[in-house]
file my_file-v7.cif (mmCIF, C-alpha atoms and all ligand atoms)
data_input
#
loop_
_atom_site.group_PDB
_atom_site.id
_atom_site.type_symbol
_atom_site.label_atom_id
_atom_site.label_comp_id
_atom_site.auth_asym_id
_atom_site.auth_seq_id
_atom_site.Cartn_x
_atom_site.Cartn_y
_atom_site.Cartn_z
ATOM 1 C CA MET A 1 73.865 170.766 129.362
ATOM 2 C CA THR A 2 77.118 172.687 129.542
ATOM 3 C CA THR A 3 79.096 172.820 132.759
ATOM 4 C CA HIS A 4 78.887 176.580 133.071
ATOM 5 C CA GLU A 5 76.150 178.800 134.384
ATOM 6 C CA HIS A 6 74.716 181.593 132.252
ATOM 7 C CA LEU A 7 73.837 184.787 134.015
ATOM 8 C CA MET A 8 71.451 187.420 132.732
ATOM 9 C CA PRO A 9 72.855 190.863 133.440
ATOM 10 C CA PRO A 10 70.830 193.523 135.274
ATOM 11 C CA THR A 11 70.329 196.999 133.833
ATOM 12 C CA LEU A 12 72.949 199.654 133.347
ATOM 13 C CA ARG A 13 74.056 201.586 136.412
ATOM 14 C CA ILE A 14 75.032 205.202 135.809
ATOM 15 C CA LEU A 15 76.313 207.042 138.879
ATOM 16 C CA PRO A 16 76.309 210.847 139.139
ATOM 17 C CA GLU A 17 79.803 212.210 138.454
ATOM 18 C CA ARG A 18 79.597 214.286 141.650
ATOM 19 C CA LEU A 19 79.113 211.132 143.696
ATOM 20 C CA VAL A 20 82.073 209.347 142.098
ATOM 21 C CA ASN A 21 84.286 212.431 142.430
ATOM 22 C CA ASN A 22 83.384 212.891 146.085
ATOM 23 C CA LEU A 23 84.105 209.259 146.901
ATOM 24 C CA GLU A 24 87.367 209.179 144.991
ATOM 25 C CA ARG A 25 88.774 212.561 146.017
ATOM 26 C CA ALA A 26 88.004 212.272 149.713
ATOM 27 C CA ARG A 27 90.906 211.818 152.153
ATOM 28 C CA TYR A 28 90.907 208.392 153.745
ATOM 29 C CA GLN A 29 92.832 207.045 156.670
ATOM 30 C CA TYR A 30 93.552 203.448 157.493
ATOM 31 C CA ALA A 31 91.389 201.974 160.255
ATOM 32 C CA VAL A 32 94.222 200.827 162.533
ATOM 33 C CA ARG A 33 91.838 199.431 165.118
ATOM 34 C CA MET A 34 90.261 196.903 162.748
ATOM 35 C CA GLN A 35 93.167 195.215 161.046
ATOM 36 C CA ASN A 36 91.174 192.014 160.674
ATOM 37 C CA ILE A 37 89.087 193.881 158.049
ATOM 38 C CA PRO A 38 91.579 196.125 156.254
ATOM 39 C CA HIS A 39 89.706 199.282 155.344
ATOM 40 C CA TYR A 40 89.871 203.068 155.289
ATOM 41 C CA TYR A 41 87.496 205.831 156.306
ATOM 42 C CA THR A 42 86.818 209.472 155.638
ATOM 43 C CA VAL A 43 85.248 211.889 158.124
ATOM 44 C CA ALA A 44 83.632 215.325 157.797
ATOM 45 C CA LYS A 45 86.558 217.334 159.125
ATOM 46 C CA THR A 46 88.663 216.396 156.090
ATOM 47 C CA TRP A 47 86.000 217.581 153.593
ATOM 48 C CA ALA A 48 86.470 221.048 152.091
ATOM 49 C CA ASP A 49 83.075 222.387 153.196
ATOM 50 C CA HIS A 50 83.218 221.120 156.793
ATOM 51 C CA LYS A 51 81.889 223.284 159.595
ATOM 52 C CA ASP A 52 81.442 222.296 163.247
ATOM 53 C CA GLY A 53 82.216 218.649 162.476
ATOM 54 C CA MET A 54 79.564 218.537 159.711
ATOM 55 C CA SER A 55 79.878 218.422 155.929
ATOM 56 C CA GLU A 56 76.838 218.988 153.714
ATOM 57 C CA GLU A 57 78.706 217.421 150.808
ATOM 58 C CA LEU A 58 79.526 214.266 152.748
ATOM 59 C CA MET A 59 75.890 214.040 153.846
ATOM 60 C CA TRP A 60 74.704 214.392 150.233
ATOM 61 C CA THR A 61 77.216 211.692 149.218
ATOM 62 C CA VAL A 62 75.835 209.255 151.807
ATOM 63 C CA TRP A 63 72.218 209.743 150.691
ATOM 64 C CA GLU A 64 73.251 209.372 147.067
ATOM 65 C CA MET A 65 75.238 206.193 147.828
ATOM 66 C CA ARG A 66 72.085 204.643 149.248
ATOM 67 C CA LYS A 67 70.188 205.120 145.979
ATOM 68 C CA HIS A 68 72.651 202.916 144.111
ATOM 69 C CA ASP A 69 74.108 200.452 146.598
ATOM 70 C CA VAL A 70 73.677 196.679 146.718
ATOM 71 C CA MET A 71 73.210 194.345 149.660
ATOM 72 C CA ARG A 72 75.698 191.633 150.562
ATOM 73 C CA PRO A 73 75.958 189.458 153.646
ATOM 74 C CA PHE A 74 78.710 190.467 156.051
ATOM 75 C CA MET A 75 79.522 188.512 159.231
ATOM 76 C CA GLY A 76 76.036 187.064 159.541
ATOM 77 C CA ARG A 77 74.135 190.262 158.773
ATOM 78 C CA GLU A 78 73.189 192.451 155.832
ATOM 79 C CA GLN A 79 75.448 195.243 154.709
ATOM 80 C CA HIS A 80 74.858 197.697 151.852
ATOM 81 C CA TYR A 81 77.809 198.484 149.633
ATOM 82 C CA LEU A 82 78.472 200.727 146.666
ATOM 83 C CA ASP A 83 81.217 199.324 144.439
ATOM 84 C CA VAL A 84 83.087 201.879 142.342
ATOM 85 C CA ASN A 85 86.385 201.522 140.490
ATOM 86 C CA GLY A 86 87.789 198.719 142.611
ATOM 87 C CA PHE A 87 86.575 199.992 146.001
ATOM 88 C CA SER A 88 83.536 199.026 148.090
ATOM 89 C CA TYR A 89 82.055 201.919 150.088
ATOM 90 C CA TRP A 90 79.704 201.592 153.052
ATOM 91 C CA THR A 91 78.393 203.303 156.153
ATOM 92 C CA MET A 92 77.644 201.720 159.511
ATOM 93 C CA VAL A 93 74.428 203.474 160.570
ATOM 94 C CA PRO A 94 70.857 202.419 159.672
ATOM 95 C CA ARG A 95 69.883 203.577 156.188
ATOM 96 C CA ASP A 96 67.509 206.314 157.325
ATOM 97 C CA GLU A 97 70.097 207.941 159.593
ATOM 98 C CA GLU A 98 72.715 210.546 158.868
ATOM 99 C CA THR A 99 76.380 209.835 159.341
ATOM 100 C CA MET A 100 79.617 211.758 159.006
ATOM 101 C CA LEU A 101 81.773 208.752 158.156
ATOM 102 C CA ILE A 102 82.187 206.672 154.995
ATOM 103 C CA ASN A 103 84.246 203.477 154.946
ATOM 104 C CA ARG A 104 85.958 201.923 151.995
ATOM 105 C CA GLN A 105 87.995 198.829 151.264
ATOM 106 C CA TYR A 106 89.528 197.317 148.156
ATOM 107 C CA CYS A 107 86.821 195.178 146.549
ATOM 108 C CA THR A 108 86.895 191.585 147.675
ATOM 109 C CA HIS A 109 83.491 190.483 146.406
ATOM 110 C CA GLY A 110 83.090 187.549 144.007
ATOM 111 C CA ALA A 111 84.264 189.120 140.739
ATOM 112 C CA TYR A 112 87.523 190.235 142.364
ATOM 113 C CA ASP A 113 88.286 186.849 143.799
ATOM 114 C CA SER A 114 89.964 186.034 140.537
ATOM 115 C CA PRO A 115 91.007 182.589 139.331
ATOM 116 C CA PHE A 116 93.379 184.453 136.986
ATOM 117 C CA ASP A 117 95.522 185.776 139.862
ATOM 118 C CA ALA A 118 97.293 182.491 140.488
ATOM 119 C CA MET A 119 98.151 181.754 136.855
ATOM 120 C CA ALA A 120 98.911 185.306 135.689
ATOM 121 C CA HIS A 121 102.677 184.671 135.663
ATOM 122 C CA GLN A 122 102.237 181.968 133.014
ATOM 123 C CA TYR A 123 99.189 183.317 131.148
ATOM 124 C CA ASP A 124 101.278 184.466 128.161
ATOM 125 C CA ASP A 125 103.220 181.179 127.882
ATOM 126 C CA SER A 126 102.580 178.502 125.303
ATOM 127 C CA ASP A 127 104.042 175.044 124.613
ATOM 128 C CA ARG A 128 103.864 175.663 120.899
ATOM 129 C CA PRO A 129 106.643 177.163 118.740
ATOM 130 C CA TRP A 130 106.883 180.926 119.311
ATOM 131 C CA ARG A 131 106.553 181.711 115.617
ATOM 132 C CA ALA A 132 103.180 179.981 115.375
ATOM 133 C CA VAL A 133 102.003 181.656 118.569
ATOM 134 C CA LYS A 134 103.093 185.049 117.284
ATOM 135 C CA ASP A 135 101.244 184.606 113.974
ATOM 136 C CA GLU A 136 98.130 183.400 115.723
ATOM 137 C CA ARG A 137 98.117 186.265 118.219
ATOM 138 C CA GLU A 138 98.783 188.859 115.550
ATOM 139 C CA ALA A 139 95.683 187.577 113.763
ATOM 140 C CA LEU A 140 93.703 187.549 117.022
ATOM 141 C CA TYR A 141 94.515 191.123 118.061
ATOM 142 C CA ALA A 142 94.511 192.798 114.622
ATOM 143 C CA PRO A 143 90.683 193.153 114.431
ATOM 144 C CA ALA A 144 90.787 195.222 117.647
ATOM 145 C CA ALA A 145 92.234 198.042 115.498
ATOM 146 C CA PRO A 146 92.646 200.362 118.483
ATOM 147 C CA SER A 147 92.688 204.073 117.738
ATOM 148 C CA GLY A 148 92.124 207.292 119.678
ATOM 149 C CA ARG A 149 91.085 206.889 123.303
ATOM 150 C CA VAL A 150 91.067 203.157 124.041
ATOM 151 C CA LEU A 151 89.310 201.181 126.776
ATOM 152 C CA ASP A 152 90.622 197.603 127.106
ATOM 153 C CA VAL A 153 88.053 195.703 129.190
ATOM 154 C CA GLY A 154 89.629 192.731 130.980
ATOM 155 C CA CYS A 155 93.038 193.840 129.673
ATOM 156 C CA GLY A 156 94.750 190.971 131.498
ATOM 157 C CA THR A 157 98.522 190.874 131.041
ATOM 158 C CA GLY A 158 98.372 193.415 128.213
ATOM 159 C CA LEU A 159 98.487 191.182 125.142
ATOM 160 C CA LEU A 160 96.566 193.835 123.166
ATOM 161 C CA VAL A 161 99.355 196.272 123.944
ATOM 162 C CA ASP A 162 102.023 193.666 123.031
ATOM 163 C CA TYR A 163 100.509 193.173 119.590
ATOM 164 C CA CYS A 164 99.083 196.650 118.820
ATOM 165 C CA TYR A 165 101.813 198.686 120.496
ATOM 166 C CA LEU A 166 102.366 201.051 117.598
ATOM 167 C CA GLN A 167 98.682 201.876 117.214
ATOM 168 C CA ILE A 168 98.062 202.754 120.858
ATOM 169 C CA ASP A 169 98.705 206.146 122.407
ATOM 170 C CA ARG A 170 99.468 205.066 125.963
ATOM 171 C CA GLU A 171 98.397 208.388 127.422
ATOM 172 C CA ARG A 172 94.918 207.742 126.081
ATOM 173 C CA TYR A 173 94.789 204.052 126.968
ATOM 174 C CA VAL A 174 92.739 202.709 129.889
ATOM 175 C CA GLY A 175 93.137 199.033 130.824
ATOM 176 C CA ILE A 176 90.787 197.644 133.454
ATOM 177 C CA ASP A 177 90.823 194.224 135.074
ATOM 178 C CA PRO A 178 89.736 192.897 138.487
ATOM 179 C CA SER A 179 92.755 190.580 138.703
ATOM 180 C CA ALA A 180 95.651 192.201 140.554
ATOM 181 C CA GLY A 181 97.879 189.361 139.324
ATOM 182 C CA MET A 182 97.122 189.988 135.646
ATOM 183 C CA LEU A 183 97.640 193.752 136.083
ATOM 184 C CA ALA A 184 100.947 193.216 137.899
ATOM 185 C CA ARG A 185 102.145 191.151 134.960
ATOM 186 C CA PHE A 186 101.005 193.881 132.541
ATOM 187 C CA ALA A 187 102.902 196.542 134.521
ATOM 188 C CA LEU A 188 106.039 194.379 134.612
ATOM 189 C CA LYS A 189 105.974 193.952 130.823
ATOM 190 C CA HIS A 190 105.149 197.586 130.101
ATOM 191 C CA PRO A 191 106.608 199.947 132.721
ATOM 192 C CA ASP A 192 105.924 202.827 130.334
ATOM 193 C CA TYR A 193 102.212 201.976 130.500
ATOM 194 C CA LYS A 194 102.422 201.648 134.260
ATOM 195 C CA ALA A 195 103.806 205.170 134.339
ATOM 196 C CA GLU A 196 101.703 206.866 131.670
ATOM 197 C CA ALA A 197 98.566 204.871 130.931
ATOM 198 C CA THR A 198 95.675 204.170 133.265
ATOM 199 C CA LEU A 199 95.734 200.601 134.574
ATOM 200 C CA LEU A 200 92.860 200.179 136.974
ATOM 201 C CA ARG A 201 91.939 197.211 139.122
ATOM 202 C CA THR A 202 88.202 197.156 138.609
ATOM 203 C CA THR A 203 85.542 195.092 136.929
ATOM 204 C CA PHE A 204 83.727 196.620 133.972
ATOM 205 C CA GLU A 205 80.593 196.526 136.111
ATOM 206 C CA ASP A 206 82.152 198.784 138.764
ATOM 207 C CA TYR A 207 83.944 201.082 136.301
ATOM 208 C CA GLU A 208 82.762 204.700 136.399
ATOM 209 C CA THR A 209 84.293 207.433 134.270
ATOM 210 C CA PRO A 210 83.373 210.696 132.586
ATOM 211 C CA LEU A 211 85.602 209.648 129.635
ATOM 212 C CA ARG A 212 84.097 208.516 126.334
ATOM 213 C CA PHE A 213 86.144 206.166 124.148
ATOM 214 C CA ASP A 214 86.904 205.916 120.436
ATOM 215 C CA THR A 215 87.689 202.207 120.788
ATOM 216 C CA ILE A 216 86.381 199.782 123.398
ATOM 217 C CA VAL A 217 87.642 196.204 123.242
ATOM 218 C CA ALA A 218 87.214 193.082 125.334
ATOM 219 C CA MET A 219 89.711 190.629 123.851
ATOM 220 C CA ALA A 220 90.116 186.853 123.993
ATOM 221 C CA GLY A 221 86.988 186.044 126.000
ATOM 222 C CA SER A 222 87.010 188.988 128.416
ATOM 223 C CA ALA A 223 83.490 189.980 127.329
ATOM 224 C CA SER A 224 82.101 186.681 128.696
ATOM 225 C CA HIS A 225 83.305 187.619 132.200
ATOM 226 C CA VAL A 226 81.079 190.677 132.466
ATOM 227 C CA THR A 227 78.021 189.229 134.180
ATOM 228 C CA GLY A 228 76.804 192.092 136.377
ATOM 229 C CA VAL A 229 75.889 194.527 133.606
ATOM 230 C CA GLY A 230 74.958 194.224 129.928
ATOM 231 C CA ILE A 231 78.356 194.683 128.292
ATOM 232 C CA VAL A 232 76.795 195.854 125.022
ATOM 233 C CA GLU A 233 74.659 198.478 126.775
ATOM 234 C CA LYS A 234 77.519 199.757 128.890
ATOM 235 C CA ALA A 235 79.969 199.794 125.961
ATOM 236 C CA ARG A 236 77.457 201.845 123.931
ATOM 237 C CA HIS A 237 77.120 204.240 126.838
ATOM 238 C CA LEU A 238 80.910 204.715 127.031
ATOM 239 C CA LEU A 239 81.545 205.102 123.293
ATOM 240 C CA ALA A 240 82.330 208.550 121.909
ATOM 241 C CA PRO A 241 80.416 209.613 118.787
ATOM 242 C CA GLY A 242 81.986 207.758 115.856
ATOM 243 C CA GLY A 243 83.455 205.212 118.275
ATOM 244 C CA ARG A 244 83.653 201.447 117.799
ATOM 245 C CA ALA A 245 83.552 198.458 120.153
ATOM 246 C CA TYR A 246 84.937 194.972 119.490
ATOM 247 C CA LEU A 247 83.817 192.449 122.102
ATOM 248 C CA MET A 248 85.084 188.859 122.159
ATOM 249 C CA PHE A 249 83.192 186.080 123.950
ATOM 250 C CA TYR A 250 84.362 182.464 124.414
ATOM 251 C CA ARG A 251 82.954 180.156 121.748
ATOM 252 C CA ASP A 252 83.610 177.019 123.795
ATOM 253 C CA PRO A 253 84.185 178.172 127.400
ATOM 254 C CA ALA A 254 84.856 174.658 128.751
ATOM 255 C CA ALA A 255 87.685 174.128 126.235
ATOM 256 C CA ALA A 256 89.100 177.612 126.867
ATOM 257 C CA PHE A 257 89.276 177.059 130.633
ATOM 258 C CA GLU A 258 90.705 173.589 130.208
ATOM 259 C CA ARG A 259 93.435 175.178 128.066
ATOM 260 C CA MET A 260 94.130 177.852 130.672
ATOM 261 C CA GLY A 261 94.061 175.273 133.475
ATOM 262 C CA ILE A 262 91.774 177.267 135.763
ATOM 263 C CA GLU A 263 88.306 176.781 137.137
ATOM 264 C CA MET A 264 85.566 178.369 135.063
ATOM 265 C CA PRO A 265 83.725 181.218 136.811
ATOM 266 C CA PRO A 266 80.085 182.039 135.969
ATOM 267 C CA LEU A 267 79.961 183.596 132.506
ATOM 268 C CA ALA A 268 77.571 185.882 130.646
ATOM 269 C CA GLU A 269 75.327 184.787 127.800
ATOM 270 C CA THR A 270 76.787 185.650 124.378
ATOM 271 C CA PRO A 271 74.517 188.286 122.799
ATOM 272 C CA GLU A 272 72.696 187.789 119.503
ATOM 273 C CA GLY A 273 74.537 188.896 116.414
ATOM 274 C CA ALA A 274 78.014 187.921 117.563
ATOM 275 C CA GLU A 275 80.043 186.181 114.865
ATOM 276 C CA ARG A 276 82.443 183.314 115.060
ATOM 277 C CA ASP A 277 86.085 184.317 115.073
ATOM 278 C CA GLY A 278 88.323 181.257 115.673
ATOM 279 C CA ASP A 279 88.093 180.191 119.321
ATOM 280 C CA TYR A 280 85.873 183.178 120.067
ATOM 281 C CA VAL A 281 82.642 184.847 119.027
ATOM 282 C CA ALA A 282 82.995 188.546 118.338
ATOM 283 C CA LEU A 283 80.504 191.383 118.329
ATOM 284 C CA GLU A 284 81.252 194.702 116.693
ATOM 285 C CA LEU A 285 79.317 197.862 117.578
ATOM 286 C CA ALA A 286 79.548 201.346 116.186
ATOM 287 C CA ARG A 287 78.228 204.611 117.530
ATOM 288 C CA ASP A 288 77.218 207.087 114.840
ATOM 289 C CA GLY A 289 79.342 210.193 114.878
HETATM 290 C C1 LIG B 301 90.942 185.192 129.157
HETATM 291 S S1 LIG B 301 91.474 186.645 129.961
HETATM 292 C C2 LIG B 301 91.721 187.733 128.578
HETATM 293 C C3 LIG B 301 92.755 188.779 128.917
HETATM 294 C C4 LIG B 301 93.141 189.724 127.761
HETATM 295 N N1 LIG B 301 92.003 190.465 127.237
HETATM 296 C C5 LIG B 301 93.806 188.973 126.639
HETATM 297 O O1 LIG B 301 93.513 189.271 125.478
HETATM 298 O O2 LIG B 301 94.689 188.140 126.903
HETATM 299 C C6 LIG B 301 89.987 187.283 130.694
HETATM 300 C C7 LIG B 301 90.251 188.494 131.594
HETATM 301 O O3 LIG B 301 88.996 189.049 132.014
HETATM 302 C C8 LIG B 301 89.182 189.533 133.339
HETATM 303 N N2 LIG B 301 87.861 189.731 133.975
HETATM 304 C C9 LIG B 301 87.190 188.856 134.767
HETATM 305 N N3 LIG B 301 86.044 189.390 135.187
HETATM 306 C C10 LIG B 301 85.968 190.649 134.652
HETATM 307 C C11 LIG B 301 85.024 191.720 134.752
HETATM 308 N N4 LIG B 301 83.913 191.572 135.432
HETATM 309 N N5 LIG B 301 85.296 192.892 134.112
HETATM 310 C C12 LIG B 301 86.439 193.016 133.395
HETATM 311 N N6 LIG B 301 87.374 192.034 133.261
HETATM 312 C C13 LIG B 301 87.140 190.876 133.881
HETATM 313 C C14 LIG B 301 90.045 188.467 133.974
HETATM 314 O O4 LIG B 301 90.645 188.907 135.171
HETATM 315 C C15 LIG B 301 91.030 188.168 132.858
HETATM 316 O O5 LIG B 301 92.181 188.952 132.948
#
call {"tool": "encode", "arguments": {"input": "my_file-v7.cif", "output": "structure tokens"}}
result
Amino acid sequence: MTTHEHLMPPTLRILPERLVNNLERARYQYAVRMQNIPHYYTVAKTWADHKDGMSEELMWTVWEMRKHDVMRPFMGREQHYLDVNGFSYWTMVPRDEETMLINRQYCTHGAYDSPFDAMAHQYDDSDRPWRAVKDEREALYAPAAPSGRVLDVGCGTGLLVDYCYLQIDRERYVGIDPSAGMLARFALKHPDYKAEATLLRTTFEDYETPLRFDTIVAMAGSASHVTGVGIVEKARHLLAPGGRAYLMFYRDPAAAFERMGIEMPPLAETPEGAERDGDYVALELARDG
């Protein structure tokens, strides 16, 4: 028996673009009266279609949220949340009632409570001679072969960008990761990416976008961290015609986490068909063009 849990992912969630746009483009204000639970809220009067304190669009958004949300305990009771692109959204009224207020907070649920945050500043370091590390990493990142519009799932501190810098068009690069610490390190190393690329603090599970990608990668074990959705299914869904995904799972998770010196979180089962690639097991997918 291994020391790590294997989780079977639920089915693919696809949110309507109108819902995501409404949630993301709304105007939010900070809830100054509840600083113990830092969050923001939007009300009807700030929505473009508002009339007499009502907004049809906000009302539609609330009903649509309820079709896709998940339940989590909150202060001894049940609360329904919709998690999208690093934010959790919720309303306070019973689920069959209308409301003119939507709350949101930066995601704090399990997947965002990252063991990588604390070690991000030393993630890139190694005790071994730099030349050996460089050769090894060049070999590790070369098969990613990023081209066109790139999605880097679990981008971490940006090692893919370090080693494939010349192949990546930063204006068409999207790096996502739930760890604020890893992303801060990335932005420190690559201020040009911070300015021109999209670096988003979100899990792959909560990532929603109308974009379709020519290359989707999850390097150096990142694919194993996606437990809340089938990574293969979701990657297929996000690939552009002719696109290619390269997903790396840990081969020996216990050894990998021992090496990184952090506690191992629950990891996803490695899908059939993945092939051994050094310390990892890699799966390549193509979408016919
Ligand atoms: C071993 S690191 C690999 C980082 C980077 N890909 C690399 O090549 O160095 C695994 C990364 O996956 C991220 N991660 C954890 N859960 C995730 C999730 N659900 N979706 C996307 N990334 C996740 C972690 O925060 C961490 O940065």
call {"tool": "closest_residue", "arguments": {"input": "my_file-v7.cif", "among": "A:Val232, A:Ala256, A:Val226, A:Met182", "to": "A:Gln122", "atoms": "all atoms listed in the file"}}
result
A:Met182
call {"tool": "closest_residue", "arguments": {"input": "my_file-v7.cif", "among": "A:Tyr193, A:Phe204, A:Trp130, A:Tyr246", "to": "A:Ala218", "atoms": "only C-alpha atoms"}}
result
A:Tyr246
call {"tool": "closest_atom_pairs", "arguments": {"input": "my_file-v7.cif", "of": "chain A", "to": "ligand LIG 301 (chain B)", "cutoff": "7 Å", "atoms": "only C-alpha atoms and all ligand atoms", "output": "tab-separated table"}}
result
residue	atom	partner	partner_atom	distance
A:Ala111	CA	B:LIG301	N3	5.8
A:Ser114	CA	B:LIG301	O4	6.1
A:Phe116	CA	B:LIG301	O4	5.5
A:Val153	CA	B:LIG301	C12	5.2
A:Gly154	CA	B:LIG301	N6	3.3
A:Cys155	CA	B:LIG301	N1	4.3
A:Gly156	CA	B:LIG301	O5	3.6
A:Thr157	CA	B:LIG301	O2	6.3
A:Gly158	CA	B:LIG301	C4	6.4
A:Leu159	CA	B:LIG301	O2	5.2
A:Leu160	CA	B:LIG301	O1	6.0
A:Ile176	CA	B:LIG301	C12	6.4
A:Asp177	CA	B:LIG301	N6	4.5
A:Pro178	CA	B:LIG301	O4	5.3
A:Ser179	CA	B:LIG301	O4	4.4
A:Met182	CA	B:LIG301	O5	5.7
A:Thr202	CA	B:LIG301	N5	6.8
A:Thr203	CA	B:LIG301	N5	3.6
A:Phe204	CA	B:LIG301	N5	4.0
A:Glu205	CA	B:LIG301	N4	6.0
A:Ala218	CA	B:LIG301	N1	5.8
A:Met219	CA	B:LIG301	N1	4.1
A:Ala220	CA	B:LIG301	O1	4.4
A:Gly221	CA	B:LIG301	C1	5.1
A:Ser222	CA	B:LIG301	O3	4.1
A:His225	CA	B:LIG301	N3	4.4
A:Val226	CA	B:LIG301	N4	4.2
A:Thr227	CA	B:LIG301	N4	6.5
call {"tool": "resolve_selection", "arguments": {"input": "my_file-v7.cif", "expression": "the PyMOL selection byres (((chain A and resi 151) around 8) and not hetatm)", "output": "list in words"}}
result
Arg149, Val150, Asp152, Val153, Tyr173, Val174, Gly175, Ile176, Phe213, Thr215, Ile216 and Val217 of chain A
call {"tool": "axis_aligned_box", "arguments": {"input": "my_file-v7.cif", "around": "stretch 252-268 of chain A", "padding_each_side": "8 Å", "output": "AutoDock Vina command-line options"}}
result
--center_x 85.9 --center_y 179.7 --center_z 130.5 --size_x 32.6 --size_y 28.3 --size_z 29.3
call {"tool": "residues_around", "arguments": {"input": "my_file-v7.cif", "residues": "stretch 46-63 of chain A", "least_positions_apart": "2", "cutoff": "7 Å", "atoms": "all atoms listed in the file", "output": "list of chain:residue names"}}
result
A:Leu19, A:Ala26, A:Arg27, A:Val43, A:Ala44, A:Met65, A:Arg66, A:Lys67, A:Glu98, A:Thr99, A:Met100
call {"tool": "residues_around", "arguments": {"input": "my_file-v7.cif", "residues": "A:Arg276", "least_positions_apart": "2", "cutoff": "12 Å", "atoms": "all atoms listed in the file", "output": "PyMOL selection string"}}
result
chain A and resi 247-252+270+272-274+278-284
call {"tool": "residues_around", "arguments": {"input": "my_file-v7.cif", "residues": "A:Thr11", "least_positions_apart": "2", "cutoff": "9 Å", "atoms": "only C-alpha atoms", "output": "ChimeraX atom specification"}}
result
/A:9,13,228-230,233
call {"tool": "closest_residue", "arguments": {"input": "my_file-v7.cif", "among": "A:Tyr141, A:Thr209, A:Ser126, A:Asp117", "to": "A:Pro16", "atoms": "only C-alpha atoms"}}
result
A:Thr209
call {"tool": "closest_residue", "arguments": {"input": "my_file-v7.cif", "among": "A:Thr198, A:Gln105, A:Gln79, A:Ser224", "to": "A:Tyr40", "atoms": "only C-alpha atoms"}}
result
A:Gln105
call {"tool": "closest_residue", "arguments": {"input": "my_file-v7.cif", "among": "A:Met92, A:Ala286, A:Leu82, A:Val32", "to": "A:Tyr106", "atoms": "only C-alpha atoms"}}
result
A:Leu82
call {"tool": "closest_residue", "arguments": {"input": "my_file-v7.cif", "among": "A:Ala254, A:Ala245, A:Leu166, A:Leu23", "to": "A:Pro143", "atoms": "all atoms listed in the file"}}
result
A:Ala245
call {"tool": "atom_distance", "arguments": {"input": "my_file-v7.cif", "atom1": "atom CA of A:Ala240", "atom2": "atom CA of A:Glu275"}}
result
23.6 Å
call {"tool": "residues_near_point", "arguments": {"input": "my_file-v7.cif", "point": "(89.1, 205.3, 156.5)", "cutoff": "9 Å", "atoms": "all atoms listed in the file", "output": "PyMOL selection string"}}
result
chain A and resi 27-31+39-43+101-105
call {"tool": "atom_distance", "arguments": {"input": "my_file-v7.cif", "atom1": "atom CA of A:Lys134", "atom2": "atom CA of A:Tyr165"}}
result
14.1 Å
call {"tool": "residues_around", "arguments": {"input": "my_file-v7.cif", "residues": "A:Leu238", "least_positions_apart": "4", "cutoff": "8 Å", "atoms": "all atoms listed in the file", "output": "NGL selection string"}}
result
:A and (211-213 or 234)
call {"tool": "decode", "arguments": {"input": "my_file-v7.cif", "residues": "stretch 77-113 of chain A", "atoms": "C-alpha atoms", "output": "CSV table (one decimal), in the first residue's frame"}}
result
chain,number,residue,atom,x,y,z
A,77,ARG,CA,-23.7,24.8,8.3
A,78,GLU,CA,-23.9,24.0,4.6
A,79,GLN,CA,-23.0,26.6,2.0
A,80,HIS,CA,-23.2,26.3,-1.8
A,81,TYR,CA,-20.3,27.8,-3.7
A,82,LEU,CA,-19.3,28.1,-7.4
A,83,ASP,CA,-15.6,28.2,-7.9
A,84,VAL,CA,-14.3,29.9,-11.0
A,85,ASN,CA,-10.8,31.1,-11.9
A,86,GLY,CA,-9.6,31.5,-8.3
A,87,PHE,CA,-12.8,32.9,-6.8
A,88,SER,CA,-15.6,31.3,-4.8
A,89,TYR,CA,-19.0,32.8,-5.4
A,90,TRP,CA,-22.1,32.4,-3.2
A,91,THR,CA,-25.4,33.9,-2.2
A,92,MET,CA,-26.9,34.0,1.3
A,93,VAL,CA,-30.6,33.3,0.6
A,94,PRO,CA,-32.2,29.9,0.4
A,95,ARG,CA,-31.7,28.3,-3.0
A,96,ASP,CA,-35.3,28.7,-4.2
A,97,GLU,CA,-35.3,32.4,-3.4
A,98,GLU,CA,-34.2,35.4,-5.5
A,99,THR,CA,-31.5,37.7,-4.5
A,100,MET,CA,-29.9,40.8,-5.8
A,101,LEU,CA,-26.5,40.2,-4.2
A,102,ILE,CA,-23.6,37.9,-5.1
A,103,ASN,CA,-20.6,37.4,-2.8
A,104,ARG,CA,-17.1,36.4,-3.8
A,105,GLN,CA,-13.8,35.7,-2.1
A,106,TYR,CA,-10.4,34.4,-3.2
A,107,CYS,CA,-10.6,30.6,-3.1
A,108,THR,CA,-9.5,29.1,0.2
A,109,HIS,CA,-10.8,25.6,-0.3
A,110,GLY,CA,-8.5,22.6,0.0
A,111,ALA,CA,-6.7,22.8,-3.4
A,112,TYR,CA,-5.7,26.4,-2.8
A,113,ASP,CA,-4.3,25.6,0.6
